[in-house]
Amino acid sequence: MVGLKPPEVPPTAAVKFVSAGTAACIADLCTFPLDTAKVRLQIQGEVRIPRSTSTVEYRGVLGTLSTMVRTEGPRSLYSGLAAGLQRQMSFASIRIGLYDSVKQLYTPKGAERTLPNIARNAIVNCGELVTYDLIKDALLRAQLMTDNVPCHFVAAFGAGFCATMVASPVDVVKTRYMNAGPGQYRNVLSCLLALLMQDGLAGFYKGFVPSFLRLSTWNVVMFISYEQLQRAAVLAWPAQS
């Protein structure tokens with residue numbers, strides 16, 4: 001058995017909230033440079049208003065990270081980390097901590113959200129949480145793996161890939177729109193059309209590799225931490241759980 005055993009008594013909502021927020025912060029600490037590189041690659045090549053004469057060109061994930069360290073210093077990789085951790089502690093604790101409770105409302109007992117941001121978060125949540133749940137459940141039902149760390153790793157990695165595939169177009173448009181200069185785009189639709197005209201369909205998957213590396217790594221760290229933190233909390237405070 002790798003990791004803590006599943007508890008006989010399910011964790012309370014409070015344990016799920018705290019475990020989800022803490023696990024999300026741990027995942028953010030591990031993957032924040034990849035997220036920064038992803039954003040830089042997604043907005044690269046965009047026609048800006050006003051135009052910049054000192055544009056740095058980024059090439060690939062490692063190239064982007066090394067260029068940022070060379071031109072802006074190592075701290076640039078974690079620029080905005082404090083805000084990211086605050087967001088995860090509040091947002092992830094709710095969306096992940098409430099998932100099981102909400103799911104139980106729509107399943108028989110004992111059966112096994114600004115507009116670009118809302119769309120992106122809704123798609124990523126479905127891609128991450130639902131896919132992780134489905135893959136994990138399929139592995140356990142088929143008895144291919146037991147409910148431990150390797151199972152959580154496989155399910156989380158698969159969830160990261162699915163989430164990246166479905167969310168990348170919305171994520172690219174969101175990043176372009178939110179980083180645009182004043183008056184550059186009338187609305188989200190004009191941003192989408194400009195991206196389509198400039199880069200074609202491939203433009204919607206610009207920065208796919210760093211997006212996949214970041215999201216899959218984030219999912220693996222977060223879900224493994226989340227599962228283990230829940231079990232550790234139940235073992236530490238059995239009476240409260």
# chains A, B, ... in the order shown; residues from 1 in each chain; ligands from 1
call {"tool": "residues_around", "arguments": {"residues": "A:Pro169", "least_positions_apart": "2", "cutoff": "12 Å", "atoms": "only C-alpha atoms", "output": "ChimeraX atom specification"}}
result
/A:42,116,119-120,123-124,163-167,171-176,191-192,195-196,200-208,211
call {"tool": "write_last_selection", "arguments": {"atoms": "N, CA, C and O atoms", "output": "CSV table (one decimal), in the first residue's frame"}}
result
chain,number,residue,atom,x,y,z
A,42,GLN,N,1.2,32.2,-24.7
A,42,GLN,CA,-0.1,32.4,-25.3
A,42,GLN,C,-0.3,33.8,-25.8
A,42,GLN,O,-1.0,34.0,-26.8
A,116,PRO,N,-15.2,35.4,-19.8
A,116,PRO,CA,-14.1,34.4,-20.2
A,116,PRO,C,-13.7,33.6,-19.0
A,116,PRO,O,-13.4,32.4,-19.2
A,119,ALA,N,-16.4,30.9,-18.1
A,119,ALA,CA,-16.4,29.8,-19.1
A,119,ALA,C,-15.2,28.9,-18.9
A,119,ALA,O,-15.3,27.7,-18.9
A,120,ARG,N,-14.0,29.5,-18.8
A,120,ARG,CA,-12.8,28.7,-18.6
A,120,ARG,C,-12.9,27.9,-17.3
A,120,ARG,O,-12.5,26.7,-17.3
A,123,ILE,N,-15.3,24.9,-17.6
A,123,ILE,CA,-14.8,23.9,-18.5
A,123,ILE,C,-13.7,23.1,-17.8
A,123,ILE,O,-13.7,21.9,-17.8
A,124,VAL,N,-12.8,23.8,-17.1
A,124,VAL,CA,-11.7,23.2,-16.4
A,124,VAL,C,-12.2,22.3,-15.2
A,124,VAL,O,-11.7,21.2,-15.0
A,163,ALA,N,-8.6,18.0,-19.4
A,163,ALA,CA,-8.9,19.4,-19.1
A,163,ALA,C,-8.2,20.3,-20.0
A,163,ALA,O,-8.7,21.3,-20.5
A,164,THR,N,-6.9,20.0,-20.3
A,164,THR,CA,-6.1,20.9,-21.2
A,164,THR,C,-6.7,20.9,-22.6
A,164,THR,O,-6.8,21.9,-23.3
A,165,MET,N,-7.2,19.7,-23.1
A,165,MET,CA,-7.7,19.6,-24.5
A,165,MET,C,-9.0,20.4,-24.6
A,165,MET,O,-9.2,21.1,-25.6
A,166,VAL,N,-9.9,20.3,-23.6
A,166,VAL,CA,-11.2,21.0,-23.8
A,166,VAL,C,-11.1,22.5,-23.4
A,166,VAL,O,-11.9,23.3,-23.9
A,167,ALA,N,-10.1,22.9,-22.5
A,167,ALA,CA,-10.1,24.2,-22.0
A,167,ALA,C,-9.1,25.1,-22.7
A,167,ALA,O,-9.2,26.4,-22.6
A,171,ASP,N,-9.0,29.2,-22.7
A,171,ASP,CA,-7.9,29.7,-21.9
A,171,ASP,C,-7.1,30.7,-22.8
A,171,ASP,O,-6.7,31.8,-22.3
A,172,VAL,N,-6.8,30.4,-24.0
A,172,VAL,CA,-6.1,31.3,-24.9
A,172,VAL,C,-6.8,32.6,-25.1
A,172,VAL,O,-6.2,33.7,-25.0
A,173,VAL,N,-8.1,32.5,-25.4
A,173,VAL,CA,-8.9,33.7,-25.7
A,173,VAL,C,-9.0,34.5,-24.4
A,173,VAL,O,-8.8,35.7,-24.4
A,174,LYS,N,-9.2,33.9,-23.3
A,174,LYS,CA,-9.2,34.6,-22.0
A,174,LYS,C,-7.9,35.3,-21.7
A,174,LYS,O,-8.0,36.5,-21.3
A,175,THR,N,-6.8,34.6,-21.9
A,175,THR,CA,-5.5,35.3,-21.7
A,175,THR,C,-5.3,36.4,-22.6
A,175,THR,O,-4.8,37.5,-22.2
A,176,ARG,N,-5.6,36.3,-23.9
A,176,ARG,CA,-5.4,37.3,-24.9
A,176,ARG,C,-6.3,38.5,-24.5
A,176,ARG,O,-5.9,39.7,-24.5
A,191,CYS,N,-12.2,39.3,-29.9
A,191,CYS,CA,-10.9,38.7,-29.6
A,191,CYS,C,-10.7,37.3,-30.2
A,191,CYS,O,-9.7,37.0,-30.8
A,192,LEU,N,-11.8,36.5,-30.1
A,192,LEU,CA,-11.8,35.2,-30.6
A,192,LEU,C,-11.6,35.2,-32.1
A,192,LEU,O,-10.8,34.5,-32.7
A,195,LEU,N,-8.1,36.3,-33.2
A,195,LEU,CA,-7.1,35.2,-33.0
A,195,LEU,C,-7.3,34.1,-34.1
A,195,LEU,O,-6.3,33.6,-34.7
A,196,LEU,N,-8.5,33.9,-34.5
A,196,LEU,CA,-8.8,32.9,-35.6
A,196,LEU,C,-8.2,33.4,-36.9
A,196,LEU,O,-7.6,32.7,-37.7
A,200,GLY,N,-5.3,31.1,-37.2
A,200,GLY,CA,-6.1,29.9,-37.6
A,200,GLY,C,-6.5,29.1,-36.4
A,200,GLY,O,-6.3,29.5,-35.2
A,201,LEU,N,-7.0,27.9,-36.6
A,201,LEU,CA,-7.4,27.0,-35.5
A,201,LEU,C,-6.3,26.7,-34.6
A,201,LEU,O,-6.5,26.4,-33.4
A,202,ALA,N,-5.1,26.6,-35.2
A,202,ALA,CA,-3.9,26.2,-34.3
A,202,ALA,C,-3.7,27.2,-33.2
A,202,ALA,O,-3.1,26.9,-32.2
A,203,GLY,N,-4.1,28.5,-33.5
A,203,GLY,CA,-3.9,29.5,-32.5
A,203,GLY,C,-4.7,29.2,-31.2
A,203,GLY,O,-4.2,29.7,-30.1
A,204,PHE,N,-5.8,28.5,-31.2
A,204,PHE,CA,-6.5,28.2,-30.0
A,204,PHE,C,-5.7,27.2,-29.1
A,204,PHE,O,-6.1,27.0,-27.9
A,205,TYR,N,-4.7,26.6,-29.7
A,205,TYR,CA,-3.9,25.6,-28.9
A,205,TYR,C,-2.5,26.2,-28.7
A,205,TYR,O,-1.6,25.4,-28.5
A,206,LYS,N,-2.3,27.5,-28.8
A,206,LYS,CA,-1.0,28.1,-28.6
A,206,LYS,C,-0.6,27.9,-27.2
A,206,LYS,O,-1.4,28.2,-26.3
A,207,GLY,N,0.6,27.5,-26.9
A,207,GLY,CA,1.0,27.2,-25.6
A,207,GLY,C,0.5,25.9,-25.0
A,207,GLY,O,0.4,25.8,-23.8
A,208,PHE,N,0.1,25.0,-25.8
A,208,PHE,CA,-0.5,23.7,-25.4
A,208,PHE,C,0.4,22.9,-24.5
A,208,PHE,O,0.0,22.4,-23.4
A,211,SER,N,0.7,24.5,-21.1
A,211,SER,CA,-0.6,24.3,-20.4
A,211,SER,C,-0.8,22.9,-19.9
A,211,SER,O,-1.2,22.7,-18.8
call {"tool": "residues_around", "arguments": {"residues": "A:Cys25", "least_positions_apart": "6", "cutoff": "9 Å", "atoms": "only C-alpha atoms", "output": "ChimeraX atom specification"}}
result
/A:84-89,92,222
call {"tool": "atom_distance", "arguments": {"atom1": "atom CA of A:Leu215", "atom2": "atom CA of A:Phe157"}}
result
8.6 Å
call {"tool": "residues_around", "arguments": {"residues": "stretch 62-68 of chain A", "least_positions_apart": "3", "cutoff": "10 Å", "atoms": "only C-alpha atoms", "output": "NGL selection string"}}
result
:A and (33-34 or 36-38 or 40-41 or 56-59 or 71-77 or 210)
call {"tool": "write_last_selection", "arguments": {"atoms": "N, CA and C atoms", "output": "PDB file, in the first residue's frame"}}
result
ATOM      1  N   PRO A  33       5.684  28.488 -11.985  1.00  0.00           N
ATOM      2  CA  PRO A  33       6.516  28.904 -13.128  1.00  0.00           C
ATOM      3  C   PRO A  33       5.975  28.410 -14.468  1.00  0.00           C
ATOM      4  N   LEU A  34       5.399  27.207 -14.488  1.00  0.00           N
ATOM      5  CA  LEU A  34       4.824  26.682 -15.731  1.00  0.00           C
ATOM      6  C   LEU A  34       3.620  27.507 -16.165  1.00  0.00           C
ATOM      7  N   THR A  36       3.180  30.715 -15.501  1.00  0.00           N
ATOM      8  CA  THR A  36       3.733  31.977 -15.995  1.00  0.00           C
ATOM      9  C   THR A  36       4.249  31.821 -17.422  1.00  0.00           C
ATOM     10  N   ALA A  37       4.967  30.715 -17.690  1.00  0.00           N
ATOM     11  CA  ALA A  37       5.480  30.458 -19.036  1.00  0.00           C
ATOM     12  C   ALA A  37       4.336  30.277 -20.028  1.00  0.00           C
ATOM     13  N   LYS A  38       3.286  29.595 -19.596  1.00  0.00           N
ATOM     14  CA  LYS A  38       2.124  29.360 -20.455  1.00  0.00           C
ATOM     15  C   LYS A  38       1.502  30.681 -20.898  1.00  0.00           C
ATOM     16  N   ARG A  40       2.913  33.701 -21.011  1.00  0.00           N
ATOM     17  CA  ARG A  40       3.827  34.429 -21.895  1.00  0.00           C
ATOM     18  C   ARG A  40       3.762  33.882 -23.322  1.00  0.00           C
ATOM     19  N   LEU A  41       3.704  32.565 -23.458  1.00  0.00           N
ATOM     20  CA  LEU A  41       3.652  31.955 -24.790  1.00  0.00           C
ATOM     21  C   LEU A  41       2.308  32.206 -25.476  1.00  0.00           C
ATOM     22  N   VAL A  56      10.306  40.692 -26.262  1.00  0.00           N
ATOM     23  CA  VAL A  56      11.168  39.528 -26.070  1.00  0.00           C
ATOM     24  C   VAL A  56      10.493  38.326 -26.712  1.00  0.00           C
ATOM     25  N   GLU A  57      11.249  37.553 -27.493  1.00  0.00           N
ATOM     26  CA  GLU A  57      10.692  36.370 -28.142  1.00  0.00           C
ATOM     27  C   GLU A  57      10.960  35.130 -27.293  1.00  0.00           C
ATOM     28  N   TYR A  58       9.905  34.355 -27.055  1.00  0.00           N
ATOM     29  CA  TYR A  58      10.017  33.145 -26.247  1.00  0.00           C
ATOM     30  C   TYR A  58       9.914  31.921 -27.151  1.00  0.00           C
ATOM     31  N   ARG A  59      10.715  30.887 -26.828  1.00  0.00           N
ATOM     32  CA  ARG A  59      10.703  29.655 -27.608  1.00  0.00           C
ATOM     33  C   ARG A  59      10.619  28.454 -26.671  1.00  0.00           C
ATOM     34  N   THR A  71      16.427  37.758 -18.206  1.00  0.00           N
ATOM     35  CA  THR A  71      16.071  39.163 -18.445  1.00  0.00           C
ATOM     36  C   THR A  71      15.360  39.832 -17.266  1.00  0.00           C
ATOM     37  N   GLU A  72      14.663  39.036 -16.442  1.00  0.00           N
ATOM     38  CA  GLU A  72      13.874  39.624 -15.361  1.00  0.00           C
ATOM     39  C   GLU A  72      14.261  39.125 -13.972  1.00  0.00           C
ATOM     40  N   GLY A  73      15.086  38.080 -13.934  1.00  0.00           N
ATOM     41  CA  GLY A  73      15.492  37.546 -12.645  1.00  0.00           C
ATOM     42  C   GLY A  73      14.620  36.364 -12.235  1.00  0.00           C
ATOM     43  N   PRO A  74      15.136  35.500 -11.334  1.00  0.00           N
ATOM     44  CA  PRO A  74      14.397  34.302 -10.915  1.00  0.00           C
ATOM     45  C   PRO A  74      13.041  34.600 -10.273  1.00  0.00           C
ATOM     46  N   ARG A  75      12.927  35.742  -9.595  1.00  0.00           N
ATOM     47  CA  ARG A  75      11.677  36.055  -8.897  1.00  0.00           C
ATOM     48  C   ARG A  75      10.521  36.268  -9.855  1.00  0.00           C
ATOM     49  N   SER A  76      10.818  36.544 -11.140  1.00  0.00           N
ATOM     50  CA  SER A  76       9.750  36.769 -12.113  1.00  0.00           C
ATOM     51  C   SER A  76       8.920  35.512 -12.335  1.00  0.00           C
ATOM     52  N   LEU A  77       9.512  34.336 -12.088  1.00  0.00           N
ATOM     53  CA  LEU A  77       8.783  33.080 -12.279  1.00  0.00           C
ATOM     54  C   LEU A  77       7.640  32.951 -11.284  1.00  0.00           C
ATOM     55  N   PRO A 210       3.087  23.892 -22.481  1.00  0.00           N
ATOM     56  CA  PRO A 210       3.170  24.380 -21.100  1.00  0.00           C
ATOM     57  C   PRO A 210       1.843  24.288 -20.357  1.00  0.00           C
TER      58      PRO A 210
END
call {"tool": "atom_distance", "arguments": {"atom1": "atom CA of A:Ala233", "atom2": "atom CA of A:Ala142"}}
result
28.5 Å
call {"tool": "atom_distance", "arguments": {"atom1": "atom CA of A:Glu128", "atom2": "atom CA of A:Phe161"}}
result
8.8 Å
call {"tool": "closest_residue", "arguments": {"among": "A:Leu193, A:Gln143, A:Ala236, A:Gln230", "to": "A:Pro10", "atoms": "only C-alpha atoms"}}
result
A:Gln230
call {"tool": "closest_residue", "arguments": {"among": "A:Ala155, A:Val149, A:Val170, A:Ala180", "to": "A:Asp137", "atoms": "only C-alpha atoms"}}
result
A:Ala155
call {"tool": "closest_residue", "arguments": {"among": "A:Tyr99, A:Trp237, A:Tyr177, A:Phe32", "to": "A:Thr217", "atoms": "only C-alpha atoms"}}
result
A:Phe32
call {"tool": "closest_residue", "arguments": {"among": "A:Cys30, A:Ala23, A:Val39, A:Ala14", "to": "A:Met178", "atoms": "only C-alpha atoms"}}
result
A:Val39
call {"tool": "residues_around", "arguments": {"residues": "A:Leu129", "least_positions_apart": "6", "cutoff": "10 Å", "atoms": "only C-alpha atoms", "output": "list in words"}}
result
Arg95, Ile96, Tyr99, Asp100, Ala156, Ala159, Gly160, Ala163, Asn219 and Phe223 of chain A
